[in-house]
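As structure tokens, the structure follows; a few thoughts come after it.
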Amino acid sequence: MKARLARGLKGAIRPAGNDSLLLLDPHHPSAPRPQAMRRYPDSEAVDMLIVGCGAGGATLAQRLARRGWRVVVLEAGPFWDPDRDWVSDEAGSHPLYWTEPRIIGGSDPVELGKTNSGRGVGGSMVHFAGFAPRFHPSDFEVASRDGVAADWPIAYEELCPHYERLEHELPVAGEHWPWGDPHAYPHSPHPIGGGARRIMKGAERCGIEMRVGPVAIANGSFGNRPHCIYRGLCLQGCKVGAKASPLVTHVPDALAHGVEVRAECMATTIEVDEGGRCTGVTYFHEGVEHFQPAEAVAVAGYSIETPRLLLHSRSSRFPNGLANGNDLVGRGVMVQGAPQVGGRFPEELRMYKAPPPEIASEQFYETDASRGFARGFSIQTVGPLPIGWAEHVLADGHWGQALREYMRDYNHWYVIGALNELLPIPEENRVTLAEEVDANGMPVARMDYSQCENDRANIAFGKERMREIVRAAGAQDVLEIDRYAHLVGGCPMSDSPETGVVDPDQRAWEVPNLFVADGSVMPTQGSANPALTIMALSARLAERLADKRIGQNHERRERMLT
Amino acid sequence: MSRDAGHLPNLGGTESGGPPARLPRQRRGTTPQMRGRYPDYDVLEQVPHWDEATRRVVLDRVERLPSFRFFDEREVATLGAFCDLVMAQDAEPRIPVLAMVDEKLSEGRAEGYRYADMPPDPQTWREVARMLDAATVEQGAGSFGDAEPETQLRIVARFAEGELAWDGCPVEKAWKVAMRDILSAFYSHPWAWNEIGFGGPAYPRGFARLGPGQREHWESPPEFELDPVRDVSERGLE
């Protein structure tokens with residue numbers, strides 16, 4: 001009944017338990033006013049010290065603060081002022097990415113930085129496209145259903161109420177969603193551009209259904225957040241403030257409830273006492289070492305930095321790194337395959353207009369035995385800007401005059417991409433510490449990544465479907481590029497200490513007051529963009545912590561179903 | 001405008017060598033080599049509509065020519081010729097691609113990754129210069145910068161195909177690293193935006209006309225039907 005009422009009222013509904021949309025300054029709508037922020041002295045322990053202020057960390061902080069916890073968040077990057085710091089420009093948006101040195105290896109190395117790693121308050125959601133789909137119920141039982149990867153130690157039903165609340169908080173706009181657990185969105189779908197209309201028709205001709213959304217961009221103004229102006233630079237940080245990122249969706253409310261976000265503070269070691277409990281975090285601010293004590297620590301640095309911090313936190317009790325007694329930290333790190341197919345059409349489509357995330361299909365999400373591989377992919381629109389499109393043209397083998405000619409044709413092209421669920425391979429794909437050190441003397445992360453046969457078959461099949469769609473849409477010429485998208489995994493949650501780093505409450509099996517609150521806990525990655533699920537996991541974790549439902553002892557437990 | 005796509009390279013549209021036939025001369029603003037598909041479009045006329053932070057960053061690319069601080073003279077000659085070739089900048093005005101790359105490298109602006117079997121990016125660039133020169137010497141010429149255009153083209157084609165020998169390092173990754181920086185410099189420049197008809201920064205104004213074939217009032221249509229020879233003589237450009 002409530003859901004039906006909410007659908008009828010559309011954008012008029014305001015989220016419960018999160019006033020961020022009203023706390024933003026209406027005259028600088030995208031800046032959260034950190035001036036009045038509460039400060040905690042580093043002489044006393046806070047209730048929860050969080051490392052990383054992205055989707056996982058910011059959501060956890062906001063939820064815990066609402067329940068009266070004293071929370072400090074250490075963020076390696078700046079506290080953004082979008083008016084001053086962000087630009088409507090592709091190359092000028094580099095400061096949004098994690099560009100500290102990292103080493104990539106393996107037979108299919110993953111280029112890190114602009115497509116997968118954020119830095120600064122808001123994390124990589126600051127430059128994510130905006131797609132905010134839920135995971136499917138099948139994602140939580142991949143091993144049982146498909147005989148590959150792992151089951152999650154929690155079920156979809158555990159996250160569902162948090163998905164629903166967060167979809168109101170971001171808010172998410174889109175058509176009724178028929179895939180996975182069918183559901184509606186609080187905001188109605190955005191208008192789509194000419195390219196997306198073409199693709200939708202092409203897909204229909206191939207018997208593939210595509211729908212508008214789900215996009216974490218308010219449709220219409222939302223509290224003090226202005227409406228979208230369709231300028232197309234979602235991946236460059238939304239200066240408008242219409243696209244969701246924790247900077248506008250959770251940090252304002254967190255600050256209002258006493259959270260301190262300590263920006264430009266790079267955590268280097270989680271300290272532990274002799275009893276094996278963590279005592280706080282050593283970090284560097286402007287080259288000076290500090291220590292913040294805490295009753296509990298939550299690491300939310302994402303799939304590369306979280307393993308790096310744990311591996312670097314060595315002590316006599318944890319000689320191989322914190323929570324790494326079973327040599328599982330950093331293992332099984334995953335990335336979604338993200339091949340793209342561009343089509344050339346007779347009319348101008350100008351794909352730089354409108355948000356790149358426009359329409360999507362999850363029709364190929366689950367395993368279909370007839371395809372010859374396990375799991376699947378989703379199809380989404382991409383809309384690259386000129387530099388991104390130039391990389392596309394180059395990847396298809398063109399340079400010199402041919403490259404320039406394809407580039408002059410930019411306005412006639414439209415691009416779609418797949419998100420392929422690639423499987424975790426803990427033996428080969430992992431994050432380790434390299435010899436090389438950063439400016440603080442901390443070893444940099446190395447990520448090794450190789451695909452398996454299932455991955456290659458999945459990507460090839462996805463590309464074939466996309467070529468069909470683009471051709472059926474009337475494309476006169478087609479270009480392709482192979483690439484990767486989101487990272488997840490590296491500190492998987494599990495129902496036994498032998499198979500994962502954290503328990504079903506995201507608490508380290510080996511350290512009773514250490515939590516991991518980011519995408520690294522995800523045992524599989526689905527074919528959905530991970531942001532909403534990372535937030536939902538943190539919202540669930542905060543609720544369980546504040547309700548004191550997380551006990552002091554680890555017992556093996558039955559699968560938890562609500 | 002609706003038209004076929006016969007001009008595109010995959011469909012046999014571009015012969016190797018010069019710019020494609022029927023490509024208009026620019027009438028407004030500047031494009032690299034003053035050719036482009038949008039002869040009456042100058043994105044820089046929209047500067048008053050951009051926000052201050054964006055304006056500063058974008059105009060800096062047009063107004064300030066960075067001086068070389070990272071590459072030495074010989075590297076500039078070799079890599080300058082290489083950049084001209086891979087971006088087909090065969091005449092003035094040129095986007096100063098190598099100077100922009102030099103600035104990036106000398107300021108230590110990084111991408112966030114390094115292949116395990118590759119040196120850091122700045123060193124990769126120096127290695128590319130050395131490799132191009134070595135390949136030229138193999139062909140009997142002095143240095144890449146002084147070689148005949150056909151020789152240069154042949155060497156770059158081998159580089160693009162991953163066929164150049166390079167002390168056991170993966171040459172295809174060197175190509176990726178160099179081209180990433182080159183494309184990022186070239187297509188961040190408003191002159192390139194003029195050439196391809198990109199709307200550029202649209203904050204705070206935004207875009208209102210999203211439909212197929214639609215344009216904002218300040219955007220202009222592509223020109224496919226113009227005969228550039230007649231156009232140039234009619235307008236007395238040469």
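Going by the structure tokens order, chains are called A, B, ..., each with residues numbered from 1, while ligands are numbered from 1 in the order shown.
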Please produce, as a Markdown table, a per-residue contact table for chain B versus chain A (criterion: any atom at most 8 Å away, only C-alpha atoms considered), showing the nearest atom pair and its distance in Å to one decimal, sorted by chain then residue number.
```
| residue | atom | partner | partner_atom | distance |
| --- | --- | --- | --- | --- |
| B:Met1 | CA | A:Glu347 | CA | 5.5 |
| B:Ser2 | CA | A:Pro346 | CA | 4.7 |
| B:Arg3 | CA | A:Pro346 | CA | 5.3 |
| B:Asp4 | CA | A:Pro346 | CA | 6.3 |
| B:Ala5 | CA | A:Gln476 | CA | 6.3 |
| B:Leu8 | CA | A:Tyr406 | CA | 6.6 |
| B:Pro9 | CA | A:Ala402 | CA | 5.7 |
| B:Asn10 | CA | A:Asp477 | CA | 7.4 |
| B:Leu11 | CA | A:Asp477 | CA | 7.6 |
| B:Thr14 | CA | A:Ala402 | CA | 6.6 |
| B:Ser16 | CA | A:Gln401 | CA | 7.5 |
| B:Gly17 | CA | A:Gln401 | CA | 7.4 |
| B:Gly18 | CA | A:Gln401 | CA | 7.3 |
| B:Pro19 | CA | A:Gln401 | CA | 6.3 |
| B:Pro20 | CA | A:Glu405 | CA | 7.8 |
| B:Gly36 | CA | A:Arg408 | CA | 7.0 |
| B:Arg37 | CA | A:Arg408 | CA | 6.0 |
| B:Ala53 | CA | A:Val87 | CA | 5.9 |
| B:Thr54 | CA | A:Val87 | CA | 4.6 |
| B:Val57 | CA | A:Gly92 | CA | 6.8 |
| B:Val58 | CA | A:Asp89 | CA | 7.7 |
| B:Leu85 | CA | A:Gly400 | CA | 6.1 |
| B:Val86 | CA | A:Gly400 | CA | 4.3 |
| B:Met87 | CA | A:Gly400 | CA | 4.7 |
| B:Ala88 | CA | A:Gly400 | CA | 4.6 |
| B:Ala110 | CA | A:Thr99 | CA | 5.7 |
| B:Glu111 | CA | A:Thr99 | CA | 5.2 |
| B:Gly112 | CA | A:Thr99 | CA | 3.6 |
| B:Tyr113 | CA | A:Arg102 | CA | 4.8 |
| B:Arg114 | CA | A:Ile103 | CA | 4.9 |
| B:Tyr115 | CA | A:Ile104 | CA | 4.9 |
| B:Ala116 | CA | A:Gly105 | CA | 5.2 |
| B:Asp117 | CA | A:Gly105 | CA | 7.6 |
| B:Arg180 | CA | A:Glu391 | CA | 7.2 |
| B:Leu183 | CA | A:Ile387 | CA | 6.3 |
| B:Ser184 | CA | A:Ile387 | CA | 5.6 |
| B:Ala185 | CA | A:Ala91 | CA | 7.9 |
| B:Tyr187 | CA | A:Ile387 | CA | 5.4 |
| B:Ser188 | CA | A:Ala91 | CA | 5.9 |
| B:Trp193 | CA | A:Pro386 | CA | 8.0 |
| B:Glu195 | CA | A:Arg408 | CA | 6.3 |
| B:Ile196 | CA | A:Arg408 | CA | 4.2 |
| B:Gly197 | CA | A:Asn411 | CA | 7.0 |
| B:Phe198 | CA | A:Asn411 | CA | 7.4 |
| B:Gly199 | CA | A:Tyr352 | CA | 7.5 |
| B:Gly200 | CA | A:Asp89 | CA | 7.6 |
| B:Pro201 | CA | A:Ser88 | CA | 5.0 |
| B:Ala202 | CA | A:Arg231 | CA | 5.5 |
| B:Tyr203 | CA | A:Ser88 | CA | 6.6 |
| B:Pro204 | CA | A:Val240 | CA | 7.6 |
| B:Arg205 | CA | A:Ile229 | CA | 7.4 |
| B:Gly206 | CA | A:Arg231 | CA | 4.6 |
| B:Phe207 | CA | A:Arg231 | CA | 5.4 |
| B:Ala208 | CA | A:Tyr230 | CA | 7.2 |
| B:Leu210 | CA | A:Gly193 | CA | 4.7 |
| B:Gly211 | CA | A:Gly194 | CA | 4.4 |
| B:Pro212 | CA | A:Gly194 | CA | 4.1 |
| B:Gly213 | CA | A:Glu348 | CA | 4.7 |
| B:Gln214 | CA | A:Glu348 | CA | 7.4 |
```
A:Arg205: which residues within 7 Å, counting only C-alpha atoms, same-chain residues fewer than 3 positions away excluded, as a PyMOL selection string? chain A and resi 201-202+472
Enumerate as number ranges by chain all residues of stretch 19-258 of chain A assigned to alpha helix (DSSP H) by DSSP on the backbone, naming them with the chain letters and numbers the document uses. A: 20-23, 55-66, 82-85, 142-146, 156-169, 194-205, 246-249, 251-256
All residues 7 Å or closer to A:Cys234, only C-alpha atoms, same chain fewer than 5 positions away omitted, as a short mmCIF file (atom, residue, chain, number, x, y, z; two decimals) with N, CA and C atoms, in the first residue's frame:
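The resulting selection_7.cif:
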```
data_model
loop_
_atom_site.label_atom_id
_atom_site.label_comp_id
_atom_site.auth_asym_id
_atom_site.auth_seq_id
_atom_site.Cartn_x
_atom_site.Cartn_y
_atom_site.Cartn_z
N HIS A 127 32.31 10.17 -9.74
CA HIS A 127 32.46 10.10 -11.19
C HIS A 127 31.86 8.83 -11.78
N ALA A 129 28.78 6.71 -13.55
CA ALA A 129 27.85 7.20 -14.57
C ALA A 129 26.50 7.53 -13.95
N PRO A 355 22.46 12.42 -19.81
CA PRO A 355 23.38 11.58 -19.03
C PRO A 355 23.74 10.33 -19.84
#
```
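Atom CA of A:Ala473 lies 7.2 Å from atom CA of A:Ala203.
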Between atom CA of A:Trp69 and atom CA of A:Ala546, what is the spacing in Å?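 Distance reported for this atom pair: 8.2 Å.
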Using only C-alpha atoms, determine which residues lie at most 7 Å from stretch 36-38 of chain A, disregarding the query and same-chain residues fewer than 5 positions distant; provide the list as an mmCIF file with N, CA and C atoms, in the first residue's frame.
```cif
data_model
loop_
_atom_site.group_PDB
_atom_site.id
_atom_site.type_symbol
_atom_site.label_atom_id
_atom_site.label_comp_id
_atom_site.auth_asym_id
_atom_site.auth_seq_id
_atom_site.Cartn_x
_atom_site.Cartn_y
_atom_site.Cartn_z
ATOM 1 N N LEU A 255 27.133 14.952 8.650
ATOM 2 C CA LEU A 255 27.722 16.097 9.357
ATOM 3 C C LEU A 255 26.724 16.672 10.363
ATOM 4 N N GLY A 258 26.834 14.952 13.633
ATOM 5 C CA GLY A 258 28.056 14.913 14.425
ATOM 6 C C GLY A 258 29.203 14.112 13.871
ATOM 7 N N VAL A 259 29.141 13.707 12.598
ATOM 8 C CA VAL A 259 30.278 12.997 12.007
ATOM 9 C C VAL A 259 31.372 14.004 11.649
ATOM 10 N N GLU A 260 32.611 13.640 11.916
ATOM 11 C CA GLU A 260 33.731 14.433 11.403
ATOM 12 C C GLU A 260 34.342 13.715 10.205
#
```
Under the rule that only C-alpha atoms are counted, which of A:Ala256, A:His250, A:Arg375, A:Val73 is the nearest residue to A:Gln35?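 Closest to A:Gln35 of all the choices is A:Ala256.
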Write out as a PDB file with N, CA and C atoms, in the first residue's frame each polymer residue whose atoms come within 7 Å of A:Gln340, counting only C-alpha atoms; drop sequence neighbours fewer than 2 positions from it.
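This is the output file out-v8.pdb:
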```
ATOM      1  N   ALA A 338      33.574  -4.919 -19.638  1.00  0.00           N
ATOM      2  CA  ALA A 338      32.742  -3.815 -20.129  1.00  0.00           C
ATOM      3  C   ALA A 338      33.046  -3.497 -21.591  1.00  0.00           C
ATOM      4  N   GLY A 342      29.971   0.584 -30.754  1.00  0.00           N
ATOM      5  CA  GLY A 342      29.428   1.853 -31.239  1.00  0.00           C
ATOM      6  C   GLY A 342      28.838   1.667 -32.619  1.00  0.00           C
ATOM      7  N   VAL A 415      26.865   4.696 -28.567  1.00  0.00           N
ATOM      8  CA  VAL A 415      27.642   3.570 -28.045  1.00  0.00           C
ATOM      9  C   VAL A 415      26.895   2.877 -26.906  1.00  0.00           C
ATOM     10  N   ILE A 416      26.860   1.547 -26.968  1.00  0.00           N
ATOM     11  CA  ILE A 416      26.328   0.776 -25.850  1.00  0.00           C
ATOM     12  C   ILE A 416      27.422  -0.131 -25.302  1.00  0.00           C
ATOM     13  N   GLY A 417      27.243  -0.546 -24.063  1.00  0.00           N
ATOM     14  CA  GLY A 417      28.260  -1.383 -23.441  1.00  0.00           C
ATOM     15  C   GLY A 417      27.616  -2.508 -22.654  1.00  0.00           C
ATOM     16  N   ALA A 418      28.378  -3.564 -22.440  1.00  0.00           N
ATOM     17  CA  ALA A 418      27.910  -4.655 -21.585  1.00  0.00           C
ATOM     18  C   ALA A 418      28.609  -4.550 -20.239  1.00  0.00           C
ATOM     19  N   GLU A 480      34.298  -1.409 -32.154  1.00  0.00           N
ATOM     20  CA  GLU A 480      34.268  -2.111 -30.864  1.00  0.00           C
ATOM     21  C   GLU A 480      35.482  -1.789 -30.023  1.00  0.00           C
ATOM     22  N   ILE A 481      35.293  -1.917 -28.721  1.00  0.00           N
ATOM     23  CA  ILE A 481      36.431  -1.786 -27.814  1.00  0.00           C
ATOM     24  C   ILE A 481      36.236  -2.763 -26.659  1.00  0.00           C
ATOM     25  N   ASP A 482      37.333  -3.372 -26.208  1.00  0.00           N
ATOM     26  CA  ASP A 482      37.297  -4.220 -25.013  1.00  0.00           C
ATOM     27  C   ASP A 482      37.799  -3.406 -23.842  1.00  0.00           C
TER      28      ASP A 482
END
```
Hey, can you check how far atom CA of A:Trp179 sits from atom CA of A:Arg544? 28.5 Å
Contacts of stretch 125-141 of chain B at 7 Å (only C-alpha atoms; same-chain gap of 4+ positions) as a PyMOL selection string: chain B and resi 75+78-79+121+147+155+166+178
Go ahead and write the residues just picked, C-alpha atoms, as a PDB file, in the first residue's frame.
```pdb
ATOM      1  CA  GLU B  75      63.317  13.742 -28.294  1.00  0.00           C
ATOM      2  CA  THR B  78      61.492  12.566 -32.908  1.00  0.00           C
ATOM      3  CA  LEU B  79      58.338  12.573 -30.818  1.00  0.00           C
ATOM      4  CA  ASP B 121      55.210   6.510 -17.982  1.00  0.00           C
ATOM      5  CA  ALA B 147      63.378  10.628 -42.124  1.00  0.00           C
ATOM      6  CA  ILE B 155      57.801   2.712 -38.852  1.00  0.00           C
ATOM      7  CA  TRP B 166      62.119  -3.029 -28.066  1.00  0.00           C
ATOM      8  CA  ALA B 178      51.738   6.932 -25.675  1.00  0.00           C
TER       9      ALA B 178
END
```
May I have all residues of chain B that DSSP, computed from the backbone, assigns to strand (DSSP E or B), given as a PyMOL selection string? chain B and resi 25+35+50+114-115+204
Residue nearest B:Thr30 among B:Glu52, B:Glu161, B:Asp72, B:Glu92 (counting only C-alpha atoms):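 For B:Thr30, the nearest of the candidates is B:Glu92.
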